[in-house]
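Student: Below is the structure I would like to discuss, written out as structure tokens.
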Amino acid sequence: MRYVLAFVLFLWTPQVEAQRRIPIKVVVVAMFERGADTGDQPGEYQYCVEREKLDRVIPFPQGYHDLRMNRDGVLGILTGVGTAKAAASIMALGLDQRFDLTKAYWLVAGIAGVDPADASLGSAAWAEYVVDGDLAHEIDAREIPKDWKTGYVPLRKSFPYEQPRADSGECYRLNPKLVDWAFHLTERVALGDDEKMRAEREQFTSANARRPPFVLKGDTLSASTFWHGSLLNEWANDWVKYHTGGKGNYVTTAMEDTGTMQSLTFLAKAGRVDIDRVLVLRTASDFDQPVPGRSAAESLAQNKIGQYTGYYPALEAAWRVGHVVVLKLVQEWNQYRDAKW
């Protein structure tokens, strides 16, 4: 009997269990979907599901939405909107014993608002810095001291942008070598354009806002509050500069990425994932402020899901640019599996 028990225990060692896990090459992370995963009006997930042929549905009751996978080792996850859902869903995936994620690359690909000083509608920005726009103190705008630029104060500070900066987890830096690799691999990807985007961008004076869609490097501000307007754009630029020590440049505003990055950081400490293999791609569905001559309130009222001027082109851009990276990694897996970045 003892020999039988010893044999059973041998069969279920952690090493044997790890060998039974499904090896994942790339995890594609989307945040929202409008309806079904296929065949209707798309959200961020649908093009990836349909075009990467994520045909295998894997139940995922501990997360926001069932997982999907293809035969090439590409796994898709839909996190849900906001930092809380993203953090919970990514942590649940990272701890799921069915998958071996130790060699996996992570591609977060979704739409965002964009700073007209840096890019135009339909453009795609690879982030090196992901900055949290929620962790802070705040004073109502009607009570801001006259000598303050904003009522938003860094956590554990007494006034805006007080130095030295305290690191409370507001800033994540992605592997710059990997980000550069992804940018140079995709910088000439052709992005879609249309008359509505041209008409809107021509109302701005910035040369970058008036350009046809293009691929660039630019950092993202992650906040669960959907903010809008030129004054908050000024805050976003200052906030990103503050938390990156002047090294980052705010380009896109999104919601979930700091939640995703926090979970991946913890999972990396546990040896479940490689934090140096994470990419964040955000594509511009709308400007983060109104066109000249329109109020912020009027512009915000117009910006409803699916009614952004660049909504469909931004979804298309996220897939076109992201797909180039996914395809490269899968087709040349022997090179990238054990790559040291």
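Residue numbers start at 1 in each chain; chains themselves are named A, B, ... in the order of the structure tokens; ligands are numbered from 1 in the order shown.
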Write out as a PyMOL selection string all residues of stretch 52-273 of chain A that backbone DSSP assigns to strand (DSSP E).

Tutor: chain A and resi 56-58+67-69+74-78+99-100+105-114+124-126+129-132+136-138+152-154+171-173+215-217+219-222+250-254

Student: Residues near A:Arg68, anyone? I mean within 12 Å using only C-alpha atoms, not counting same-chain ones fewer than 3 positions away, as a ChimeraX atom specification.

Tutor: /A:24,26-30,37-38,45-46,48-50,52-60,65,71-78

Student: From the list A:Met69, A:Met255, A:Ala92, A:Ala119, which residue is nearest A:Met31 when using only C-alpha atoms?

Tutor: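 Checking each of A:Met69, A:Met255, A:Ala92, A:Ala119 against A:Met31, counting only C-alpha atoms, the winner is A:Met255.
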
Student: Can you pull out every residue within 8 Å of A:Gly94, counting only C-alpha atoms, but drop anything in the same chain fewer than 6 positions away, and send it as a ChimeraX atom specification?

Tutor: /A:101,264,267,272-273

Student: Kindly give the distance, in Å, that separates atom CA of A:Pro313 and atom CA of A:Ser285, rounded to a single decimal.

Tutor: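 Calculated distance between atom CA of A:Pro313 and atom CA of A:Ser285 is 7.3 Å.
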
Student: May I have the residues within 10 Å of stretch 208-219 of chain A as a compact mmCIF listing (two decimals) with all heavy atoms, in the first residue's frame, using only C-alpha atoms and disregarding those fewer than 5 positions away in the same chain?

Tutor:
```txt
# COMPACT_ATOMS: atom_id res chain seq x y z
N VAL A 114 -7.40 60.57 -27.04
CA VAL A 114 -6.04 60.94 -27.43
C VAL A 114 -5.84 62.45 -27.30
O VAL A 114 -6.76 63.25 -27.50
CB VAL A 114 -5.74 60.48 -28.87
CG1 VAL A 114 -6.53 61.30 -29.89
CG2 VAL A 114 -4.26 60.53 -29.17
N ASP A 115 -4.63 62.82 -26.94
CA ASP A 115 -4.23 64.22 -26.84
C ASP A 115 -3.97 64.74 -28.25
O ASP A 115 -3.09 64.23 -28.95
CB ASP A 115 -2.95 64.31 -26.00
CG ASP A 115 -2.51 65.74 -25.73
OD1 ASP A 115 -3.01 66.67 -26.40
OD2 ASP A 115 -1.64 65.92 -24.86
N PRO A 116 -4.71 65.77 -28.71
CA PRO A 116 -4.50 66.28 -30.07
C PRO A 116 -3.12 66.89 -30.29
O PRO A 116 -2.71 67.08 -31.44
CB PRO A 116 -5.61 67.34 -30.22
CG PRO A 116 -5.98 67.70 -28.83
CD PRO A 116 -5.79 66.47 -28.01
N ALA A 117 -2.40 67.16 -29.22
CA ALA A 117 -1.03 67.66 -29.39
C ALA A 117 -0.10 66.57 -29.91
O ALA A 117 0.96 66.88 -30.47
CB ALA A 117 -0.49 68.19 -28.06
N ASP A 118 -0.50 65.30 -29.74
CA ASP A 118 0.41 64.20 -30.06
C ASP A 118 -0.04 63.31 -31.21
O ASP A 118 0.80 62.73 -31.89
CB ASP A 118 0.58 63.31 -28.82
CG ASP A 118 1.26 64.04 -27.68
OD1 ASP A 118 2.44 64.37 -27.82
OD2 ASP A 118 0.59 64.30 -26.66
N ALA A 119 -1.34 63.16 -31.42
CA ALA A 119 -1.79 62.20 -32.43
C ALA A 119 -3.19 62.53 -32.90
O ALA A 119 -3.89 63.38 -32.33
CB ALA A 119 -1.73 60.78 -31.86
N SER A 120 -3.60 61.82 -33.95
CA SER A 120 -4.90 62.03 -34.57
C SER A 120 -5.81 60.84 -34.33
O SER A 120 -5.38 59.78 -33.85
CB SER A 120 -4.71 62.23 -36.08
OG SER A 120 -4.04 61.10 -36.64
N LEU A 121 -7.08 60.99 -34.67
CA LEU A 121 -8.04 59.91 -34.56
C LEU A 121 -7.59 58.72 -35.40
O LEU A 121 -7.09 58.88 -36.52
CB LEU A 121 -9.42 60.37 -35.02
CG LEU A 121 -10.08 61.48 -34.21
CD1 LEU A 121 -11.42 61.86 -34.82
CD2 LEU A 121 -10.26 61.05 -32.75
N GLY A 122 -7.78 57.52 -34.86
CA GLY A 122 -7.39 56.31 -35.57
C GLY A 122 -5.94 55.93 -35.41
O GLY A 122 -5.52 54.87 -35.90
N SER A 123 -5.16 56.77 -34.72
CA SER A 123 -3.74 56.46 -34.50
C SER A 123 -3.58 55.39 -33.43
O SER A 123 -4.49 55.13 -32.63
CB SER A 123 -2.98 57.72 -34.09
OG SER A 123 -2.94 58.65 -35.15
N ALA A 124 -2.39 54.77 -33.39
CA ALA A 124 -2.11 53.68 -32.45
C ALA A 124 -0.83 54.00 -31.69
O ALA A 124 0.21 54.26 -32.29
CB ALA A 124 -1.95 52.36 -33.20
N ALA A 125 -0.92 53.99 -30.35
CA ALA A 125 0.22 54.39 -29.52
C ALA A 125 0.67 53.24 -28.62
O ALA A 125 -0.14 52.68 -27.87
CB ALA A 125 -0.16 55.59 -28.66
N TRP A 126 1.96 52.93 -28.70
CA TRP A 126 2.59 51.95 -27.81
C TRP A 126 3.09 52.68 -26.57
O TRP A 126 3.87 53.61 -26.67
CB TRP A 126 3.77 51.27 -28.50
CG TRP A 126 3.41 50.37 -29.63
CD1 TRP A 126 3.56 50.63 -30.97
CD2 TRP A 126 2.86 49.05 -29.54
NE1 TRP A 126 3.14 49.56 -31.71
CE2 TRP A 126 2.71 48.56 -30.86
CE3 TRP A 126 2.50 48.22 -28.47
CZ2 TRP A 126 2.19 47.30 -31.14
CZ3 TRP A 126 1.97 46.97 -28.74
CH2 TRP A 126 1.83 46.51 -30.06
N ALA A 127 2.64 52.26 -25.40
CA ALA A 127 3.01 52.93 -24.15
C ALA A 127 4.25 52.31 -23.54
O ALA A 127 4.41 51.09 -23.53
CB ALA A 127 1.86 52.85 -23.16
N GLU A 128 5.12 53.17 -23.03
CA GLU A 128 6.22 52.70 -22.19
C GLU A 128 5.89 52.91 -20.72
O GLU A 128 6.30 52.13 -19.87
CB GLU A 128 7.52 53.43 -22.55
CG GLU A 128 8.72 52.95 -21.75
CD GLU A 128 10.02 53.58 -22.23
OE1 GLU A 128 10.15 53.88 -23.43
OE2 GLU A 128 10.92 53.76 -21.38
N TYR A 129 5.12 53.97 -20.44
CA TYR A 129 4.68 54.23 -19.07
C TYR A 129 3.16 54.14 -19.00
O TYR A 129 2.44 54.65 -19.87
CB TYR A 129 5.11 55.63 -18.62
CG TYR A 129 6.60 55.78 -18.41
CD1 TYR A 129 7.42 56.27 -19.42
CD2 TYR A 129 7.19 55.41 -17.19
CE1 TYR A 129 8.79 56.41 -19.23
CE2 TYR A 129 8.56 55.55 -17.00
CZ TYR A 129 9.35 56.04 -18.02
OH TYR A 129 10.71 56.17 -17.83
N VAL A 130 2.68 53.48 -17.95
CA VAL A 130 1.26 53.43 -17.63
C VAL A 130 1.09 54.09 -16.27
O VAL A 130 1.65 53.62 -15.27
CB VAL A 130 0.74 51.97 -17.59
CG1 VAL A 130 -0.71 51.94 -17.15
CG2 VAL A 130 0.91 51.31 -18.95
N VAL A 131 0.34 55.19 -16.22
CA VAL A 131 0.25 56.00 -15.01
C VAL A 131 -1.18 55.98 -14.48
O VAL A 131 -2.14 56.11 -15.24
CB VAL A 131 0.69 57.45 -15.29
CG1 VAL A 131 0.52 58.32 -14.04
CG2 VAL A 131 2.15 57.48 -15.75
N ARG A 173 6.44 51.07 -15.50
CA ARG A 173 7.24 51.21 -16.72
C ARG A 173 7.35 49.85 -17.39
O ARG A 173 7.81 48.88 -16.79
CB ARG A 173 8.62 51.77 -16.42
CG ARG A 173 9.39 52.09 -17.70
CD ARG A 173 10.81 52.55 -17.44
NE ARG A 173 11.45 52.96 -18.69
CZ ARG A 173 12.74 53.26 -18.80
NH1 ARG A 173 13.53 53.21 -17.72
NH2 ARG A 173 13.25 53.61 -19.97
N VAL A 179 9.04 47.41 -25.98
CA VAL A 179 8.19 48.46 -26.56
C VAL A 179 8.80 48.98 -27.86
O VAL A 179 8.10 49.15 -28.87
CB VAL A 179 7.98 49.60 -25.55
CG1 VAL A 179 7.20 50.75 -26.20
CG2 VAL A 179 7.25 49.10 -24.31
N ASP A 180 10.10 49.22 -27.86
CA ASP A 180 10.78 49.68 -29.08
C ASP A 180 10.66 48.65 -30.19
O ASP A 180 10.44 48.99 -31.36
CB ASP A 180 12.25 49.97 -28.80
CG ASP A 180 12.47 51.27 -28.05
OD1 ASP A 180 11.54 52.10 -28.03
OD2 ASP A 180 13.57 51.46 -27.50
N ALA A 182 8.28 46.41 -30.62
CA ALA A 182 6.91 46.41 -31.13
C ALA A 182 6.65 47.64 -32.00
O ALA A 182 6.01 47.54 -33.07
CB ALA A 182 5.92 46.36 -29.97
N PHE A 183 7.15 48.79 -31.58
CA PHE A 183 6.95 50.01 -32.37
C PHE A 183 7.62 49.91 -33.73
O PHE A 183 6.99 50.19 -34.76
CB PHE A 183 7.49 51.21 -31.60
CG PHE A 183 7.57 52.46 -32.44
CD1 PHE A 183 6.42 53.08 -32.90
CD2 PHE A 183 8.80 53.00 -32.79
CE1 PHE A 183 6.49 54.22 -33.70
CE2 PHE A 183 8.88 54.13 -33.58
CZ PHE A 183 7.72 54.74 -34.03
N HIS A 184 8.88 49.51 -33.77
CA HIS A 184 9.60 49.44 -35.05
C HIS A 184 9.02 48.35 -35.95
O HIS A 184 9.07 48.48 -37.18
CB HIS A 184 11.08 49.22 -34.81
CG HIS A 184 11.77 50.40 -34.21
ND1 HIS A 184 11.77 51.64 -34.82
CD2 HIS A 184 12.45 50.56 -33.04
CE1 HIS A 184 12.43 52.50 -34.07
NE2 HIS A 184 12.86 51.87 -32.98
N THR A 186 5.89 47.72 -36.21
CA THR A 186 4.55 48.11 -36.67
C THR A 186 4.45 49.54 -37.17
O THR A 186 3.37 49.96 -37.60
CB THR A 186 3.54 47.93 -35.53
OG1 THR A 186 3.93 48.77 -34.42
CG2 THR A 186 3.48 46.49 -35.06
N GLU A 187 5.51 50.32 -37.14
CA GLU A 187 5.40 51.75 -37.40
C GLU A 187 4.92 52.09 -38.81
O GLU A 187 4.43 53.20 -39.04
CB GLU A 187 6.72 52.46 -37.11
CG GLU A 187 7.89 52.00 -37.95
CD GLU A 187 9.17 52.72 -37.57
OE1 GLU A 187 9.11 53.93 -37.25
OE2 GLU A 187 10.23 52.08 -37.57
N ARG A 188 5.02 51.13 -39.73
CA ARG A 188 4.56 51.41 -41.09
C ARG A 188 3.25 50.68 -41.44
O ARG A 188 2.87 50.62 -42.60
CB ARG A 188 5.66 51.02 -42.09
CG ARG A 188 6.87 51.93 -42.02
CD ARG A 188 7.93 51.58 -43.05
NE ARG A 188 9.03 52.53 -43.04
CZ ARG A 188 10.03 52.53 -42.19
NH1 ARG A 188 10.09 51.57 -41.26
NH2 ARG A 188 10.99 53.43 -42.24
N VAL A 189 2.59 50.16 -40.44
CA VAL A 189 1.29 49.52 -40.67
C VAL A 189 0.30 50.57 -41.17
O VAL A 189 0.16 51.65 -40.58
CB VAL A 189 0.76 48.85 -39.39
CG1 VAL A 189 -0.68 48.38 -39.59
CG2 VAL A 189 1.65 47.68 -38.99
N ALA A 190 -0.38 50.27 -42.26
CA ALA A 190 -1.37 51.20 -42.82
C ALA A 190 -2.63 51.20 -41.96
O ALA A 190 -3.18 50.15 -41.67
CB ALA A 190 -1.70 50.81 -44.25
N LEU A 191 -3.07 52.39 -41.56
CA LEU A 191 -4.26 52.52 -40.72
C LEU A 191 -5.38 53.19 -41.50
O LEU A 191 -5.14 54.05 -42.35
CB LEU A 191 -3.92 53.33 -39.47
CG LEU A 191 -2.80 52.76 -38.59
CD1 LEU A 191 -2.55 53.67 -37.39
CD2 LEU A 191 -3.14 51.35 -38.13
N GLY A 192 -6.60 52.81 -41.18
CA GLY A 192 -7.76 53.31 -41.91
C GLY A 192 -8.06 54.77 -41.61
O GLY A 192 -7.80 55.27 -40.53
N ASP A 193 -8.67 55.43 -42.59
CA ASP A 193 -9.05 56.83 -42.46
C ASP A 193 -10.42 57.00 -43.10
O ASP A 193 -10.85 56.17 -43.91
CB ASP A 193 -8.01 57.72 -43.14
CG ASP A 193 -8.07 59.16 -42.69
OD1 ASP A 193 -8.89 59.48 -41.81
OD2 ASP A 193 -7.28 59.98 -43.21
N ASP A 194 -11.14 58.07 -42.74
CA ASP A 194 -12.41 58.34 -43.39
C ASP A 194 -12.73 59.83 -43.33
O ASP A 194 -12.03 60.61 -42.67
CB ASP A 194 -13.55 57.50 -42.80
CG ASP A 194 -13.82 57.77 -41.32
OD1 ASP A 194 -13.63 58.93 -40.88
OD2 ASP A 194 -14.21 56.83 -40.61
N MET A 197 -13.40 61.49 -39.76
CA MET A 197 -12.19 61.77 -38.98
C MET A 197 -11.43 62.95 -39.56
O MET A 197 -10.90 63.79 -38.82
CB MET A 197 -11.30 60.52 -38.91
CG MET A 197 -11.90 59.38 -38.11
SD MET A 197 -10.68 58.16 -37.56
CE MET A 197 -10.01 57.59 -39.11
N ARG A 198 -11.36 63.01 -40.89
CA ARG A 198 -10.66 64.14 -41.52
C ARG A 198 -11.34 65.45 -41.16
O ARG A 198 -10.67 66.45 -40.85
CB ARG A 198 -10.63 63.95 -43.04
CG ARG A 198 -9.54 63.00 -43.51
CD ARG A 198 -9.36 63.06 -45.02
NE ARG A 198 -10.44 62.37 -45.70
CZ ARG A 198 -10.41 61.07 -46.01
NH1 ARG A 198 -9.36 60.33 -45.69
NH2 ARG A 198 -11.43 60.51 -46.65
N ALA A 199 -12.66 65.49 -41.19
CA ALA A 199 -13.39 66.72 -40.90
C ALA A 199 -13.17 67.17 -39.46
O ALA A 199 -13.04 68.37 -39.19
CB ALA A 199 -14.89 66.51 -41.16
N GLU A 200 -13.11 66.22 -38.53
CA GLU A 200 -12.91 66.60 -37.14
C GLU A 200 -11.49 67.04 -36.87
O GLU A 200 -11.26 68.05 -36.20
CB GLU A 200 -13.28 65.43 -36.21
CG GLU A 200 -13.15 65.80 -34.73
CD GLU A 200 -13.84 64.81 -33.82
OE1 GLU A 200 -14.79 64.13 -34.27
OE2 GLU A 200 -13.44 64.73 -32.64
N ARG A 201 -10.51 66.32 -37.39
CA ARG A 201 -9.13 66.66 -37.06
C ARG A 201 -8.70 67.99 -37.68
O ARG A 201 -7.83 68.68 -37.16
CB ARG A 201 -8.18 65.54 -37.47
CG ARG A 201 -8.01 65.32 -38.95
CD ARG A 201 -7.02 64.18 -39.21
NE ARG A 201 -6.79 63.95 -40.63
CZ ARG A 201 -7.09 62.80 -41.25
NH1 ARG A 201 -7.65 61.81 -40.60
NH2 ARG A 201 -6.83 62.67 -42.54
N GLU A 202 -9.31 68.36 -38.80
CA GLU A 202 -8.93 69.61 -39.45
C GLU A 202 -9.36 70.84 -38.66
O GLU A 202 -8.93 71.95 -38.95
CB GLU A 202 -9.53 69.65 -40.87
CG GLU A 202 -8.79 68.72 -41.84
CD GLU A 202 -9.46 68.64 -43.19
OE1 GLU A 202 -10.49 69.33 -43.37
OE2 GLU A 202 -8.96 67.89 -44.05
N GLN A 203 -10.18 70.64 -37.64
CA GLN A 203 -10.61 71.76 -36.80
C GLN A 203 -9.57 72.11 -35.73
O GLN A 203 -9.66 73.14 -35.09
CB GLN A 203 -11.95 71.44 -36.14
CG GLN A 203 -13.08 71.22 -37.14
CD GLN A 203 -14.39 70.89 -36.47
OE1 GLN A 203 -14.94 71.70 -35.72
NE2 GLN A 203 -14.91 69.70 -36.72
N ASN A 237 -1.30 65.77 -18.75
CA ASN A 237 0.10 65.93 -19.16
C ASN A 237 1.00 66.19 -17.95
O ASN A 237 2.07 65.59 -17.82
CB ASN A 237 0.21 67.09 -20.16
CG ASN A 237 -0.08 66.67 -21.57
OD1 ASN A 237 0.77 66.12 -22.26
ND2 ASN A 237 -1.31 66.91 -22.03
N VAL A 240 1.27 62.90 -15.67
CA VAL A 240 2.16 61.87 -16.23
C VAL A 240 3.62 62.31 -16.09
O VAL A 240 4.49 61.51 -15.72
CB VAL A 240 1.80 61.57 -17.69
CG1 VAL A 240 2.88 60.72 -18.36
CG2 VAL A 240 0.45 60.84 -17.75
N LYS A 247 10.00 61.81 -17.65
CA LYS A 247 10.38 60.92 -18.74
C LYS A 247 9.20 60.51 -19.62
O LYS A 247 9.38 60.14 -20.78
CB LYS A 247 11.05 59.67 -18.18
CG LYS A 247 12.34 59.97 -17.43
CD LYS A 247 12.93 58.70 -16.83
CE LYS A 247 14.20 59.00 -16.05
NZ LYS A 247 14.75 57.78 -15.40
N GLY A 248 8.00 60.52 -19.09
CA GLY A 248 6.84 60.08 -19.84
C GLY A 248 6.14 61.22 -20.55
O GLY A 248 6.26 62.39 -20.17
N ASN A 249 5.39 60.88 -21.58
CA ASN A 249 4.60 61.86 -22.33
C ASN A 249 3.18 61.32 -22.48
O ASN A 249 2.96 60.32 -23.16
CB ASN A 249 5.20 62.12 -23.71
CG ASN A 249 4.34 63.06 -24.54
OD1 ASN A 249 3.81 64.04 -24.03
ND2 ASN A 249 4.16 62.74 -25.81
N TYR A 250 2.24 61.99 -21.85
CA TYR A 250 0.85 61.58 -21.95
C TYR A 250 0.35 61.69 -23.39
O TYR A 250 0.46 62.75 -24.01
CB TYR A 250 -0.03 62.43 -21.03
CG TYR A 250 -1.48 62.40 -21.42
CD1 TYR A 250 -2.25 61.26 -21.23
CD2 TYR A 250 -2.07 63.50 -22.04
CE1 TYR A 250 -3.58 61.23 -21.62
CE2 TYR A 250 -3.39 63.48 -22.43
CZ TYR A 250 -4.14 62.34 -22.23
OH TYR A 250 -5.45 62.30 -22.65
N VAL A 251 -0.20 60.59 -23.90
CA VAL A 251 -0.79 60.58 -25.25
C VAL A 251 -2.22 60.06 -25.23
O VAL A 251 -3.11 60.63 -25.85
CB VAL A 251 0.07 59.75 -26.23
CG1 VAL A 251 -0.64 59.59 -27.58
CG2 VAL A 251 1.42 60.43 -26.44
N THR A 252 -2.46 58.95 -24.50
CA THR A 252 -3.80 58.35 -24.51
C THR A 252 -4.35 58.23 -23.10
O THR A 252 -3.61 58.08 -22.13
CB THR A 252 -3.80 56.95 -25.15
OG1 THR A 252 -2.91 56.09 -24.42
CG2 THR A 252 -3.38 57.02 -26.60
N THR A 253 -5.67 58.30 -22.99
CA THR A 253 -6.35 58.12 -21.72
C THR A 253 -7.26 56.92 -21.81
O THR A 253 -8.08 56.80 -22.73
CB THR A 253 -7.15 59.37 -21.32
OG1 THR A 253 -7.87 59.11 -20.11
CG2 THR A 253 -8.14 59.79 -22.41
N VAL A 280 1.34 47.40 -24.06
CA VAL A 280 0.06 48.11 -23.99
C VAL A 280 -0.08 48.96 -25.24
O VAL A 280 0.74 49.86 -25.49
CB VAL A 280 -0.04 48.98 -22.73
CG1 VAL A 280 -1.31 49.83 -22.77
CG2 VAL A 280 -0.03 48.11 -21.47
N LEU A 281 -1.12 48.68 -26.01
CA LEU A 281 -1.41 49.41 -27.25
C LEU A 281 -2.77 50.06 -27.13
O LEU A 281 -3.78 49.38 -26.92
CB LEU A 281 -1.40 48.43 -28.43
CG LEU A 281 -1.81 49.00 -29.79
CD1 LEU A 281 -0.75 49.96 -30.31
CD2 LEU A 281 -2.04 47.87 -30.80
N ARG A 282 -2.82 51.36 -27.26
CA ARG A 282 -4.09 52.08 -27.22
C ARG A 282 -4.27 52.86 -28.52
O ARG A 282 -3.35 53.52 -29.00
CB ARG A 282 -4.13 53.03 -26.02
CG ARG A 282 -4.32 52.31 -24.69
CD ARG A 282 -5.73 51.75 -24.55
NE ARG A 282 -5.95 51.07 -23.29
CZ ARG A 282 -7.16 50.68 -22.86
NH1 ARG A 282 -8.23 50.92 -23.60
NH2 ARG A 282 -7.30 50.05 -21.72
N THR A 283 -5.49 52.78 -29.07
CA THR A 283 -5.79 53.42 -30.35
C THR A 283 -6.87 54.48 -30.17
O THR A 283 -7.78 54.32 -29.36
CB THR A 283 -6.22 52.37 -31.39
OG1 THR A 283 -7.36 51.63 -30.90
CG2 THR A 283 -5.09 51.39 -31.67
N ALA A 284 -6.77 55.54 -30.94
CA ALA A 284 -7.54 56.76 -30.68
C ALA A 284 -8.93 56.73 -31.31
O ALA A 284 -9.07 56.85 -32.53
CB ALA A 284 -6.77 57.97 -31.18
N PHE A 287 -10.88 62.42 -29.46
CA PHE A 287 -9.97 63.37 -28.82
C PHE A 287 -10.40 63.54 -27.36
O PHE A 287 -11.59 63.43 -27.04
CB PHE A 287 -9.98 64.71 -29.54
CG PHE A 287 -9.31 64.68 -30.89
CD1 PHE A 287 -10.04 64.85 -32.06
CD2 PHE A 287 -7.94 64.51 -30.98
CE1 PHE A 287 -9.43 64.83 -33.30
CE2 PHE A 287 -7.30 64.49 -32.22
CZ PHE A 287 -8.05 64.65 -33.38
N PRO A 313 -12.65 52.83 -36.78
CA PRO A 313 -11.25 52.85 -37.21
C PRO A 313 -10.28 52.51 -36.08
O PRO A 313 -9.24 51.87 -36.30
CB PRO A 313 -11.04 54.28 -37.71
CG PRO A 313 -12.40 54.71 -38.18
CD PRO A 313 -13.34 54.10 -37.19
N ALA A 314 -10.59 52.93 -34.85
CA ALA A 314 -9.71 52.63 -33.72
C ALA A 314 -9.74 51.14 -33.40
O ALA A 314 -8.70 50.54 -33.09
CB ALA A 314 -10.13 53.44 -32.49
N ALA A 317 -7.66 49.57 -36.03
CA ALA A 317 -6.23 49.84 -35.82
C ALA A 317 -5.66 48.96 -34.72
O ALA A 317 -4.53 48.48 -34.81
CB ALA A 317 -6.03 51.32 -35.48
N VAL A 321 -2.53 46.57 -35.90
CA VAL A 321 -1.20 46.77 -35.31
C VAL A 321 -0.86 45.62 -34.37
O VAL A 321 0.23 45.06 -34.41
CB VAL A 321 -1.14 48.12 -34.58
CG1 VAL A 321 0.21 48.31 -33.89
CG2 VAL A 321 -1.38 49.27 -35.56
```
